[in-house]
Structure formats: structure tokens, C-alpha cells
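A.B. asks: This is the content of structure-v1.cif (mmCIF, C-alpha atoms):
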```
data_data
#
loop_
_atom_site.label_atom_id
_atom_site.label_comp_id
_atom_site.auth_asym_id
_atom_site.auth_seq_id
_atom_site.Cartn_x
_atom_site.Cartn_y
_atom_site.Cartn_z
CA MET A 1422 -6.72 -40.07 282.77
CA HIS A 1423 -5.47 -42.76 285.13
CA ASP A 1424 -8.54 -43.55 287.27
CA PRO A 1425 -7.32 -44.96 290.64
CA SER A 1426 -10.69 -46.60 291.22
CA GLU A 1427 -10.19 -48.90 288.22
CA PRO A 1428 -7.94 -52.00 288.22
CA GLN A 1429 -4.29 -51.00 288.15
CA GLY A 1430 -3.21 -54.23 286.43
CA ALA A 1431 -4.07 -55.64 283.02
CA ALA A 1432 -3.59 -59.09 281.51
CA VAL A 1433 -4.57 -61.08 278.42
CA LEU A 1434 -5.92 -64.63 278.27
CA LEU A 1435 -5.20 -66.08 274.83
CA VAL A 1436 -7.02 -69.22 273.69
CA ASN A 1437 -6.52 -71.24 270.51
CA PRO A 1438 -9.20 -73.17 268.56
CA ALA A 1439 -8.21 -76.37 270.38
CA GLY A 1440 -9.21 -74.80 273.69
CA GLN A 1441 -5.61 -74.48 274.92
CA TYR A 1442 -4.36 -71.53 276.94
CA LEU A 1443 -1.12 -69.62 276.32
CA LEU A 1444 0.77 -69.63 279.62
CA HIS A 1445 3.95 -67.86 280.69
CA LEU A 1446 6.40 -69.42 283.19
CA ARG A 1447 7.52 -66.66 285.57
CA ASP A 1448 11.00 -66.31 287.07
CA ALA A 1449 11.44 -68.05 290.41
CA ASN A 1450 14.45 -66.51 292.15
CA LYS A 1451 14.45 -62.78 291.49
CA PRO A 1452 13.41 -59.90 293.74
CA HIS A 1453 10.15 -58.04 293.17
CA ILE A 1454 8.49 -60.81 291.13
CA CYS A 1455 4.78 -61.39 291.63
CA ASP A 1456 3.81 -65.06 291.94
CA PRO A 1457 7.38 -66.30 291.29
CA GLY A 1458 7.92 -69.70 289.71
CA THR A 1459 4.31 -70.08 288.60
CA TRP A 1460 2.55 -70.35 285.26
CA SER A 1461 0.52 -67.24 284.49
CA ILE A 1462 -0.71 -65.14 281.57
CA PRO A 1463 0.90 -62.05 279.97
CA GLY A 1464 0.21 -58.83 281.81
CA GLY A 1465 1.48 -56.11 284.09
CA GLY A 1466 0.74 -52.77 285.71
CA ARG A 1467 -0.78 -49.75 284.03
CA GLU A 1468 1.53 -46.86 283.29
CA SER A 1469 0.71 -43.20 283.82
CA GLY A 1470 -2.18 -42.09 281.62
CA GLU A 1471 -2.96 -45.57 280.29
CA THR A 1472 -6.33 -47.23 280.22
CA ALA A 1473 -6.48 -50.87 281.23
CA PHE A 1474 -7.01 -51.83 277.59
CA GLU A 1475 -3.96 -49.84 276.46
CA ALA A 1476 -1.90 -51.48 279.21
CA ALA A 1477 -3.07 -54.94 278.15
CA GLU A 1478 -2.09 -54.31 274.51
CA ARG A 1479 1.29 -52.86 275.53
CA GLU A 1480 2.14 -55.68 277.96
CA LEU A 1481 1.14 -58.30 275.39
CA SER A 1482 3.39 -56.67 272.79
CA GLU A 1483 6.33 -56.23 275.17
CA GLU A 1484 6.18 -59.77 276.57
CA THR A 1485 5.23 -61.79 273.47
CA GLY A 1486 5.71 -59.58 270.40
CA LEU A 1487 2.01 -60.05 269.60
CA ALA A 1488 -0.57 -57.44 268.57
CA VAL A 1489 -3.79 -59.42 268.76
CA ARG A 1490 -6.88 -57.58 267.57
CA GLY A 1491 -10.36 -58.09 268.93
CA LEU A 1492 -9.49 -58.30 272.63
CA ILE A 1493 -12.63 -58.16 274.77
CA PRO A 1494 -13.02 -57.44 278.50
CA PHE A 1495 -13.47 -60.72 280.33
CA THR A 1496 -13.20 -60.39 284.10
CA VAL A 1497 -11.52 -58.59 287.00
CA VAL A 1498 -9.55 -60.59 289.56
CA GLU A 1499 -7.78 -59.74 292.79
CA SER A 1500 -4.05 -60.29 293.12
CA VAL A 1501 -1.28 -59.91 295.71
CA GLY A 1502 1.93 -57.95 295.12
CA PRO A 1503 5.52 -59.19 295.47
CA ASP A 1504 5.51 -58.39 299.20
CA GLY A 1505 2.77 -60.98 299.72
CA HIS A 1506 0.46 -58.43 301.36
CA THR A 1507 -0.43 -55.57 299.02
CA LYS A 1508 -3.65 -56.34 297.21
CA GLY A 1509 -4.63 -55.14 293.77
CA ARG A 1510 -7.02 -55.81 290.92
CA ILE A 1511 -6.32 -56.95 287.37
CA GLN A 1512 -8.56 -56.34 284.36
CA VAL A 1513 -8.30 -59.44 282.17
CA TYR A 1514 -9.01 -59.34 278.44
CA LEU A 1515 -9.78 -62.34 276.24
CA GLY A 1516 -8.39 -62.97 272.78
CA ALA A 1517 -7.96 -65.70 270.17
CA TRP A 1518 -4.57 -66.67 268.72
CA ASP A 1519 -3.30 -69.84 267.09
CA GLY A 1520 0.45 -69.53 266.70
CA ASP A 1521 3.67 -71.25 267.73
CA ALA A 1522 4.40 -70.53 271.40
CA ASP A 1523 8.05 -71.56 270.96
CA ALA A 1524 8.51 -68.85 268.33
CA LEU A 1525 7.57 -66.05 270.72
CA PRO A 1526 10.39 -63.88 272.07
CA VAL A 1527 10.91 -64.40 275.79
CA THR A 1528 11.67 -60.90 277.11
CA GLU A 1529 10.61 -61.77 280.66
CA GLY A 1530 10.36 -65.04 282.54
CA ILE A 1531 11.34 -68.46 281.21
CA MET A 1532 9.07 -69.67 278.40
CA TYR A 1533 5.63 -69.76 276.79
CA ARG A 1534 3.58 -72.91 276.22
CA TRP A 1535 0.08 -73.94 275.17
CA PHE A 1536 -1.68 -76.11 277.75
CA ASP A 1537 -5.06 -77.79 277.85
CA THR A 1538 -7.08 -77.83 281.05
CA ALA A 1539 -6.16 -81.43 281.85
CA THR A 1540 -2.45 -80.56 281.90
CA ILE A 1541 -2.97 -77.28 283.76
CA ALA A 1542 -4.25 -79.31 286.70
CA TYR A 1543 -0.66 -80.56 287.21
CA LEU A 1544 1.07 -77.18 286.89
CA THR A 1545 2.08 -74.77 289.64
CA MET A 1546 -0.30 -72.00 288.69
CA CYS A 1547 -0.47 -68.33 289.63
CA PRO A 1548 -3.60 -68.22 291.83
CA TRP A 1549 -5.37 -65.39 290.01
CA ALA A 1550 -4.52 -66.83 286.58
CA GLN A 1551 -6.01 -70.15 287.69
CA ARG A 1552 -9.21 -68.35 288.68
CA VAL A 1553 -9.38 -66.71 285.25
CA ILE A 1554 -8.99 -70.05 283.47
CA ASP A 1555 -11.55 -71.73 285.72
CA LEU A 1556 -14.03 -68.98 284.90
CA HIS A 1557 -13.33 -69.30 281.19
CA ARG A 1558 -13.80 -73.06 281.32
CA ALA A 1559 -17.23 -72.46 282.83
CA GLU A 1560 -18.32 -69.81 280.35
CA ARG A 1561 -16.26 -70.45 277.18
CA PRO A 1562 -16.81 -66.98 275.63
CA LEU A 1563 -14.18 -67.43 272.94
CA PRO A 1564 -14.27 -64.68 270.28
CA PRO A 1565 -13.97 -65.94 266.69
CA PRO A 1566 -10.49 -65.67 265.11
CA ARG A 1567 -10.09 -62.44 263.15
CA THR A 1568 -8.66 -62.53 259.65
CA ASP A 1569 -7.05 -59.16 260.33
CA THR A 1570 -5.40 -60.34 263.54
CA ALA A 1571 -1.81 -59.19 263.39
CA ALA A 1572 1.18 -60.32 265.32
CA ALA A 1573 4.15 -58.04 265.35
CA PRO A 1574 6.05 -60.27 262.97
CA VAL A 1575 7.11 -63.34 264.88
CA ASN A 1576 10.20 -64.80 263.34
CA ARG A 1577 9.45 -68.39 262.37
CA THR A 1578 13.07 -69.32 262.71
CA ARG A 1579 13.76 -70.74 266.14
CA PRO A 1580 14.92 -68.17 268.69
CA HIS A 1581 17.50 -69.39 271.19
CA ILE A 1582 17.83 -68.98 274.93
CA VAL A 1583 21.21 -67.59 275.99
CA GLY A 1584 22.68 -69.10 279.14
CA VAL A 1585 25.68 -67.68 281.01
CA HIS A 1586 28.05 -69.83 283.07
CA LEU A 1587 30.95 -69.06 285.39
CA TYR A 1588 34.19 -71.05 285.11
CA LEU A 1589 36.32 -70.53 288.20
CA GLU A 1590 39.64 -72.36 288.35
CA ARG A 1591 41.97 -72.37 291.36
CA ASP A 1592 44.96 -74.62 292.00
CA GLY A 1593 43.90 -77.06 289.30
CA GLN A 1594 40.34 -77.25 290.59
CA VAL A 1595 37.03 -75.93 289.24
CA LEU A 1596 34.08 -74.62 291.24
CA LEU A 1597 30.84 -76.60 290.76
CA GLY A 1598 27.52 -76.57 292.52
CA LEU A 1599 25.37 -79.57 293.43
CA ARG A 1600 21.84 -78.73 292.31
CA HIS A 1601 19.06 -79.11 294.85
CA PRO A 1602 17.07 -82.34 294.37
CA ASP A 1603 13.88 -80.33 293.74
CA SER A 1604 15.45 -77.92 291.26
CA SER A 1605 13.53 -77.61 288.00
CA PHE A 1606 16.80 -78.24 286.14
CA ALA A 1607 19.41 -80.92 286.84
CA GLY A 1608 18.25 -81.91 290.32
CA SER A 1609 21.03 -83.65 292.35
CA ILE A 1610 23.51 -83.08 289.48
CA HIS A 1611 26.69 -80.98 289.49
CA HIS A 1612 26.76 -77.86 287.34
CA PHE A 1613 28.45 -74.50 286.78
CA LEU A 1614 27.18 -71.41 288.53
CA ALA A 1615 24.79 -70.36 285.78
CA GLY A 1616 21.66 -68.51 284.73
CA HIS A 1617 19.77 -66.95 281.84
CA CYS A 1618 20.88 -63.77 280.13
CA GLU A 1619 18.10 -61.19 280.50
CA GLN A 1620 17.86 -57.61 279.20
CA GLU A 1621 21.54 -57.08 280.00
CA PRO A 1622 24.99 -57.74 278.57
CA ALA A 1623 26.21 -61.30 279.00
CA THR A 1624 29.05 -60.26 281.31
CA GLY A 1625 26.55 -58.32 283.41
CA ALA A 1626 24.44 -61.46 283.70
CA VAL A 1627 27.46 -63.43 284.98
CA VAL A 1628 28.23 -60.72 287.54
CA ARG A 1629 24.61 -60.70 288.71
CA GLU A 1630 24.28 -64.49 288.91
CA ALA A 1631 27.61 -64.84 290.75
CA TRP A 1632 26.40 -62.51 293.47
CA GLU A 1633 22.81 -63.81 293.62
CA GLU A 1634 23.77 -67.50 293.73
CA ALA A 1635 27.08 -67.57 295.60
CA GLY A 1636 27.91 -64.14 297.05
CA LEU A 1637 30.92 -63.72 294.75
CA ARG A 1638 31.93 -60.25 293.58
CA ILE A 1639 33.24 -60.13 290.02
CA ARG A 1640 33.94 -57.18 287.74
CA PRO A 1641 32.85 -57.43 284.09
CA GLU A 1642 36.35 -56.49 282.95
CA ASP A 1643 37.75 -59.56 284.73
CA LEU A 1644 35.65 -61.94 282.61
CA GLU A 1645 36.68 -63.58 279.36
CA LEU A 1646 34.62 -65.87 277.12
CA VAL A 1647 36.36 -69.23 277.03
CA HIS A 1648 33.78 -71.63 275.58
CA VAL A 1649 30.39 -71.82 273.85
CA VAL A 1650 28.15 -74.88 273.80
CA HIS A 1651 25.23 -75.07 271.35
CA THR A 1652 22.55 -77.54 272.45
CA PRO A 1653 18.93 -78.45 271.66
CA ASP A 1654 16.39 -78.75 274.46
CA ARG A 1655 15.39 -82.39 274.84
CA SER A 1656 12.17 -81.40 276.63
CA GLY A 1657 10.88 -79.71 273.48
CA GLY A 1658 11.81 -76.14 274.42
CA LEU A 1659 14.00 -73.66 272.62
CA PRO A 1660 17.60 -74.47 271.67
CA ARG A 1661 20.26 -72.91 273.84
CA VAL A 1662 23.54 -71.08 273.37
CA GLN A 1663 25.56 -71.62 276.55
CA LEU A 1664 28.27 -69.00 277.11
CA VAL A 1665 31.04 -69.97 279.55
CA PHE A 1666 33.09 -67.14 281.04
CA ARG A 1667 36.31 -67.49 283.04
CA ALA A 1668 36.88 -64.99 285.85
CA ARG A 1669 40.52 -63.94 286.12
CA ALA A 1670 39.84 -62.45 289.57
CA TRP A 1671 37.02 -62.40 292.10
CA ASP A 1672 36.31 -61.54 295.72
CA GLY A 1673 34.78 -63.87 298.27
CA GLU A 1674 34.21 -67.56 298.82
CA ALA A 1675 31.19 -69.30 297.36
CA VAL A 1676 28.27 -69.65 299.77
CA VAL A 1677 24.79 -71.02 299.14
CA ARG A 1678 22.46 -68.05 298.69
CA GLU A 1679 19.69 -69.85 296.80
CA PRO A 1680 19.18 -73.03 298.85
CA ASP A 1681 16.15 -74.06 296.81
CA GLN A 1682 18.40 -74.28 293.75
CA CYS A 1683 21.84 -75.28 295.04
CA ALA A 1684 22.69 -77.71 297.84
CA GLY A 1685 26.36 -76.74 298.05
CA TRP A 1686 29.49 -75.47 296.29
CA ALA A 1687 32.79 -77.37 296.09
CA TRP A 1688 36.11 -77.28 294.26
CA TRP A 1689 36.81 -80.36 292.12
CA PRO A 1690 40.05 -81.48 290.45
CA LEU A 1691 39.91 -80.93 286.72
CA ASP A 1692 41.00 -84.50 286.11
CA ALA A 1693 38.47 -85.97 288.60
CA LEU A 1694 35.15 -84.27 287.98
CA PRO A 1695 32.20 -85.39 290.10
CA GLU A 1696 29.37 -87.61 288.96
CA PRO A 1697 26.72 -87.01 287.98
CA ILE A 1698 27.51 -83.79 286.12
CA VAL A 1699 25.51 -81.91 283.50
CA PRO A 1700 26.77 -83.23 280.13
CA TYR A 1701 27.41 -79.84 278.57
CA THR A 1702 29.24 -78.72 281.73
CA ARG A 1703 31.66 -81.60 281.30
CA ALA A 1704 31.94 -80.87 277.56
CA ALA A 1705 32.76 -77.23 278.25
CA ILE A 1706 35.42 -78.06 280.84
CA GLU A 1707 37.02 -80.59 278.50
CA GLY A 1708 36.90 -78.05 275.67
CA ILE A 1709 38.54 -75.36 277.78
CA ARG A 1710 41.32 -77.71 278.85
CA ALA A 1711 41.90 -78.70 275.22
CA GLY A 1712 41.94 -75.07 274.02
CA ARG A 1713 38.72 -75.37 272.01
CA VAL A 1714 36.21 -72.52 272.06
CA PHE A 1715 33.09 -74.22 270.66
CA THR A 1716 31.14 -77.45 271.15
CA GLU A 1717 27.96 -78.67 269.47
CA LEU A 1718 26.28 -81.20 271.72
CA GLY A 1719 23.16 -83.31 271.30
CA TRP A 1720 22.17 -82.45 267.73
CA THR A 1721 22.44 -85.97 266.35
#
```
Translate the structure of the given file into C-alpha cells.

C.D. replies:
Amino acid sequence: MHDPSEPQGAAVLLVNPAGQYLLHLRDANKPHICDPGTWSIPGGGRESGETAFEAAERELSEETGLAVRGLIPFTVVESVGPDGHTKGRIQVYLGAWDGDADALPVTEGIMYRWFDTATIAYLTMCPWAQRVIDLHRAERPLPPPRTDTAAAPVNRTRPHIVGVHLYLERDGQVLLGLRHPDSSFAGSIHHFLAGHCEQEPATGAVVREAWEEAGLRIRPEDLELVHVVHTPDRSGGLPRVQLVFRARAWDGEAVVREPDQCAGWAWWPLDALPEPIVPYTRAAIEGIRAGRVFTELGWT
């Protein structure tokens, strides 16, 4: 039974033979996210009837596709909920894995990476995850790798991140946003209204991002795919498929609703785009004007 006196959260700290930790970059600008924009470890809340161990195995499988055997209880830490006030406890389990972080499916958040302790010192860490790693550094109770350790088959081909982008054209002008200087992507550079496609249809992602970022109301049926850009990630991350949708109709005027990401929206003439501008944004606009539907950019 679900014992309310036990920790209601569960998480897994995975360590490889090099002493690196598998960390998960959490979403930064979504409602109801605990420790947004920080590096943490896979985990989540227990469901009805689950033990903490069962929750840890389920969350690890859902978030990474992994089924790591030999998990051992490591520690219990206190955490704070999305409201910044509600306190809870998380049972953390320890496991050994030595795989490719880039090959893991990203069903939540942004990405997975291996980090050593020297690099972790420069990351924006989830407070309770940092405490777990500090404790592990002091104790180093790493279980030996198991020969029967199984990962729900991780495809060794490279998965791709799917980005969605909104192309709004009015009176020969296109809507672009100037990214905030401190944005994690393209700081002080002009870009489409854009975001990552989550567990949702691509048109639904555009509708959601348009409202979240700029207060624009768009119906999925008013969207049409007008360009695709296929790009590698120069920082070493996963390649990206960038889907650009044109809205035939929308309600509202663009306003800044995520000031930590966007400094302002403006309409720019198609033949006088601003500088600097994200290279694939320019490539997509040029492709749309030329009637092309696909661009490969940055592969050579």
C-alpha cells in the first residue's frame, strides 16, 4: 500500500565507471515544473499503490528508456514543490550505467548529459540533486556494473529534437523576436517564435508556444507547414528537425509574455531582415519566399 509516512518522490542517480553523473536539464518556462531550468536526475512522484522503488524504476523507464538492474537505496532528501513552498521527501536510488546519453529519448525536459564533478560546479543545479551528488562524492558507494543490466533497447541511431516555429507574415513583413541577452539560446539575436515539440502534435505545439510566448491565439486548422530545416547541433547535442508553420489567421498582437527569453517582438520587411538573425531562421524565410519546402543547413 501507499504509505504516506514514506517519501512520496523517487529518483535515480546513475554513475558511470569514469565517475560521471547522468544529469537531466529540466524545462525552464512551463507551469508546474519543480526546479525549472536546472540540471537534476531522473525521478518523479509515486503513483497510487507504488513503492518508492517501483516509482524509481518506472520514472527511469519513462524519462530515459532505461531499465537498470541492481538499483540500491542511497539516501532521502527534502525537496520543494513547484509552488516554492510545499515540502516533500525523495527516496534516491543509486545505479551504474555506461551508455550514450545523447542516444536516450528525451520525453521530458531538454537533454541528458554526463558530467564530472568539476564541470557540475559550473552548472545551475537542482538543490536537492546537488546534495545527492555531494553525498555520493563523499561516500562513493558505486555498485559494480551488472552483466545482466538491461536498457529498454536504446536506438543507437541518433534521435532528433523536433522544433516548431511560427511564420507570421503581414503586409510584406514577418514577425520576429529579439532574444533576451541571457537566453540559453541565441541571446541578443532575432528569431522566430519557437519552441520544442513535446508529447503533442506539432500544430498543437505551435498553438501552445504562440500563446505562452506572445499571447497570440491560433487554431490548429489555420496552420500550414511551409518549410523544414534539418540542422546538426554545433554544441554537441542532438540534431534538429525545425518545422516552420505559417498561420493563415490569428487573433491578437504579439506581446512579451516570457521576458527572460524575449526582449521584444517586431515586424520586419522580408527584404530587409534584421541583424543578427539565427542562420536557420534566415534560411527558412528565404526558402519560403523562393517556394522551397526543405533546407539542409550546417552539415558540411

A.B. asks: Using CA of Arg1667 (chain A) and CA of His1611 (chain A) as the two end points, give the distance in Å to one decimal.

C.D. replies: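 Computed distance, CA of Arg1667 (chain A) to CA of His1611 (chain A), equals 17.8 Å.
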
A.B. asks: I would like the residues chosen by the PyMOL selection byres ((chain A and resi 1548) around 12) on the shown file; could you give them as JSON, numbers by chain?

C.D. replies: {"A": [1455, 1456, 1457, 1458, 1459, 1460, 1461, 1462, 1498, 1499, 1500, 1501, 1544, 1545, 1546, 1547, 1549, 1550, 1551, 1552, 1553, 1554, 1555]}

A.B. asks: For the residues in the current selection, export C-alpha atoms as a PDB file, in the coordinates of the input.

C.D. replies:
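Written output follows (selection02.pdb):
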```pdb
ATOM      1  CA  CYS A1455       4.780 -61.390 291.630  1.00  0.00           C
ATOM      2  CA  ASP A1456       3.810 -65.060 291.940  1.00  0.00           C
ATOM      3  CA  PRO A1457       7.380 -66.300 291.290  1.00  0.00           C
ATOM      4  CA  GLY A1458       7.920 -69.700 289.710  1.00  0.00           C
ATOM      5  CA  THR A1459       4.310 -70.080 288.600  1.00  0.00           C
ATOM      6  CA  TRP A1460       2.550 -70.350 285.260  1.00  0.00           C
ATOM      7  CA  SER A1461       0.520 -67.240 284.490  1.00  0.00           C
ATOM      8  CA  ILE A1462      -0.710 -65.140 281.570  1.00  0.00           C
ATOM      9  CA  VAL A1498      -9.550 -60.590 289.560  1.00  0.00           C
ATOM     10  CA  GLU A1499      -7.780 -59.740 292.790  1.00  0.00           C
ATOM     11  CA  SER A1500      -4.050 -60.290 293.120  1.00  0.00           C
ATOM     12  CA  VAL A1501      -1.280 -59.910 295.710  1.00  0.00           C
ATOM     13  CA  LEU A1544       1.070 -77.180 286.890  1.00  0.00           C
ATOM     14  CA  THR A1545       2.080 -74.770 289.640  1.00  0.00           C
ATOM     15  CA  MET A1546      -0.300 -72.000 288.690  1.00  0.00           C
ATOM     16  CA  CYS A1547      -0.470 -68.330 289.630  1.00  0.00           C
ATOM     17  CA  TRP A1549      -5.370 -65.390 290.010  1.00  0.00           C
ATOM     18  CA  ALA A1550      -4.520 -66.830 286.580  1.00  0.00           C
ATOM     19  CA  GLN A1551      -6.010 -70.150 287.690  1.00  0.00           C
ATOM     20  CA  ARG A1552      -9.210 -68.350 288.680  1.00  0.00           C
ATOM     21  CA  VAL A1553      -9.380 -66.710 285.250  1.00  0.00           C
ATOM     22  CA  ILE A1554      -8.990 -70.050 283.470  1.00  0.00           C
ATOM     23  CA  ASP A1555     -11.550 -71.730 285.720  1.00  0.00           C
TER      24      ASP A1555
END
```

A.B. asks: Just the number, please: distance in Å from CA of Ile1639 (chain A) to CA of Asp1672 (chain A), one decimal.

C.D. replies: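 Spanning CA of Ile1639 (chain A) to CA of Asp1672 (chain A) is a straight-line distance of 6.6 Å.
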
A.B. asks: Between A:Gly1470, A:His1445, A:Val1433, A:Arg1534, which is the closest to Val1489 (chain A) once you count all atoms listed in the file?

C.D. replies: A:Val1433

A.B. asks: Can you work out the spacing between CA of Ser1609 (chain A) and CA of Pro1680 (chain A) in Å, to one decimal?

C.D. replies: 12.6 Å

A.B. asks: Any chance you could work out the residue set of the PyMOL selection byres ((chain A and resi 1484) around 7) here, as a ChimeraX atom specification?

C.D. replies: /A:1463,1480-1483,1485-1486,1527-1529

A.B. asks: Around (-2.7, -51.0, 283.9) in the file's frame, which residues reach within 12 Å when counting only C-alpha atoms? Return as a PDB file with C-alpha atoms, keeping the file's coordinate frame?

C.D. replies:
```
ATOM      1  CA  MET A1422      -6.720 -40.070 282.770  1.00  0.00           C
ATOM      2  CA  HIS A1423      -5.470 -42.760 285.130  1.00  0.00           C
ATOM      3  CA  ASP A1424      -8.540 -43.550 287.270  1.00  0.00           C
ATOM      4  CA  PRO A1425      -7.320 -44.960 290.640  1.00  0.00           C
ATOM      5  CA  SER A1426     -10.690 -46.600 291.220  1.00  0.00           C
ATOM      6  CA  GLU A1427     -10.190 -48.900 288.220  1.00  0.00           C
ATOM      7  CA  PRO A1428      -7.940 -52.000 288.220  1.00  0.00           C
ATOM      8  CA  GLN A1429      -4.290 -51.000 288.150  1.00  0.00           C
ATOM      9  CA  GLY A1430      -3.210 -54.230 286.430  1.00  0.00           C
ATOM     10  CA  ALA A1431      -4.070 -55.640 283.020  1.00  0.00           C
ATOM     11  CA  ALA A1432      -3.590 -59.090 281.510  1.00  0.00           C
ATOM     12  CA  VAL A1433      -4.570 -61.080 278.420  1.00  0.00           C
ATOM     13  CA  GLY A1464       0.210 -58.830 281.810  1.00  0.00           C
ATOM     14  CA  GLY A1465       1.480 -56.110 284.090  1.00  0.00           C
ATOM     15  CA  GLY A1466       0.740 -52.770 285.710  1.00  0.00           C
ATOM     16  CA  ARG A1467      -0.780 -49.750 284.030  1.00  0.00           C
ATOM     17  CA  GLU A1468       1.530 -46.860 283.290  1.00  0.00           C
ATOM     18  CA  SER A1469       0.710 -43.200 283.820  1.00  0.00           C
ATOM     19  CA  GLY A1470      -2.180 -42.090 281.620  1.00  0.00           C
ATOM     20  CA  GLU A1471      -2.960 -45.570 280.290  1.00  0.00           C
ATOM     21  CA  THR A1472      -6.330 -47.230 280.220  1.00  0.00           C
ATOM     22  CA  ALA A1473      -6.480 -50.870 281.230  1.00  0.00           C
ATOM     23  CA  PHE A1474      -7.010 -51.830 277.590  1.00  0.00           C
ATOM     24  CA  GLU A1475      -3.960 -49.840 276.460  1.00  0.00           C
ATOM     25  CA  ALA A1476      -1.900 -51.480 279.210  1.00  0.00           C
ATOM     26  CA  ALA A1477      -3.070 -54.940 278.150  1.00  0.00           C
ATOM     27  CA  GLU A1478      -2.090 -54.310 274.510  1.00  0.00           C
ATOM     28  CA  ARG A1479       1.290 -52.860 275.530  1.00  0.00           C
ATOM     29  CA  GLU A1480       2.140 -55.680 277.960  1.00  0.00           C
ATOM     30  CA  LEU A1481       1.140 -58.300 275.390  1.00  0.00           C
ATOM     31  CA  GLY A1509      -4.630 -55.140 293.770  1.00  0.00           C
ATOM     32  CA  ARG A1510      -7.020 -55.810 290.920  1.00  0.00           C
ATOM     33  CA  ILE A1511      -6.320 -56.950 287.370  1.00  0.00           C
ATOM     34  CA  GLN A1512      -8.560 -56.340 284.360  1.00  0.00           C
ATOM     35  CA  VAL A1513      -8.300 -59.440 282.170  1.00  0.00           C
ATOM     36  CA  TYR A1514      -9.010 -59.340 278.440  1.00  0.00           C
TER      37      TYR A1514
END
```

A.B. asks: Using all atoms listed in the file, find the one residue out of A:Leu1637, A:Leu1434, A:Ala1615, A:Leu1597 that sits nearest to Arg1703 (chain A).

C.D. replies: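 Looking at the shortest contact to Arg1703 (chain A), the residue is A:Leu1597.
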
A.B. asks: Counting all atoms listed in the file, find residues at most 12 Å from (26.4, -85.6, 286.4) (file frame) and give them as an NGL selection string.

C.D. replies: :A and (1597-1600 or 1607-1613 or 1694-1704)

A.B. asks: Residues at most 7 Å from Ile1493 (chain A), counting all atoms listed in the file, excluding those fewer than 2 positions away in the same chain, as a list in words?

C.D. replies: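 Returned residues: Gly1491, Phe1495, Tyr1514, Leu1515 and Gly1516 of chain A.
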
A.B. asks: When you count all atoms listed in the file, which of these residues is closest to Glu1717 (chain A): A:Ala1684, A:Leu1691, A:Ala1675, A:Val1650?

C.D. replies: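 The shortest atom-to-atom distance to Glu1717 (chain A) comes from A:Val1650.
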
A.B. asks: Mind telling me what the PyMOL selection byres ((chain A and resi 1620) around 12) catches here, as a VMD selection string?

C.D. replies: chain A and resid 1527 to 1530 1583 1617 to 1619 1621 to 1626

A.B. asks: Can you work out which one of A:Leu1659, A:Val1665, A:Ala1693, A:Leu1435 has the shortest atom-to-atom distance to Pro1526 (chain A), counting only C-alpha atoms?

C.D. replies: A:Leu1659

A.B. asks: With a distance cut-off of 7 Å and all atoms listed in the file, select the neighbouring residues of Gly1616 (chain A), excluding the residue or stretch itself and same-chain residues fewer than 5 positions from it, and output the selection as a list in words.

C.D. replies: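 Answer for this query is Gly1584, Val1585, His1586 and Glu1630 of chain A.
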
A.B. asks: Could you take the residues named above and write them with C-alpha atoms, as a PDB file, in the frame of the given file?

C.D. replies:
```pdb
ATOM      1  CA  GLY A1584      22.680 -69.100 279.140  1.00  0.00           C
ATOM      2  CA  VAL A1585      25.680 -67.680 281.010  1.00  0.00           C
ATOM      3  CA  HIS A1586      28.050 -69.830 283.070  1.00  0.00           C
ATOM      4  CA  GLU A1630      24.280 -64.490 288.910  1.00  0.00           C
TER       5      GLU A1630
END
```

A.B. asks: Find the residue from A:Gly1673, A:Glu1634, A:Thr1716, A:Leu1646 that sits nearest to Lys1451 (chain A); use all atoms listed in the file when measuring.

C.D. replies: A:Glu1634
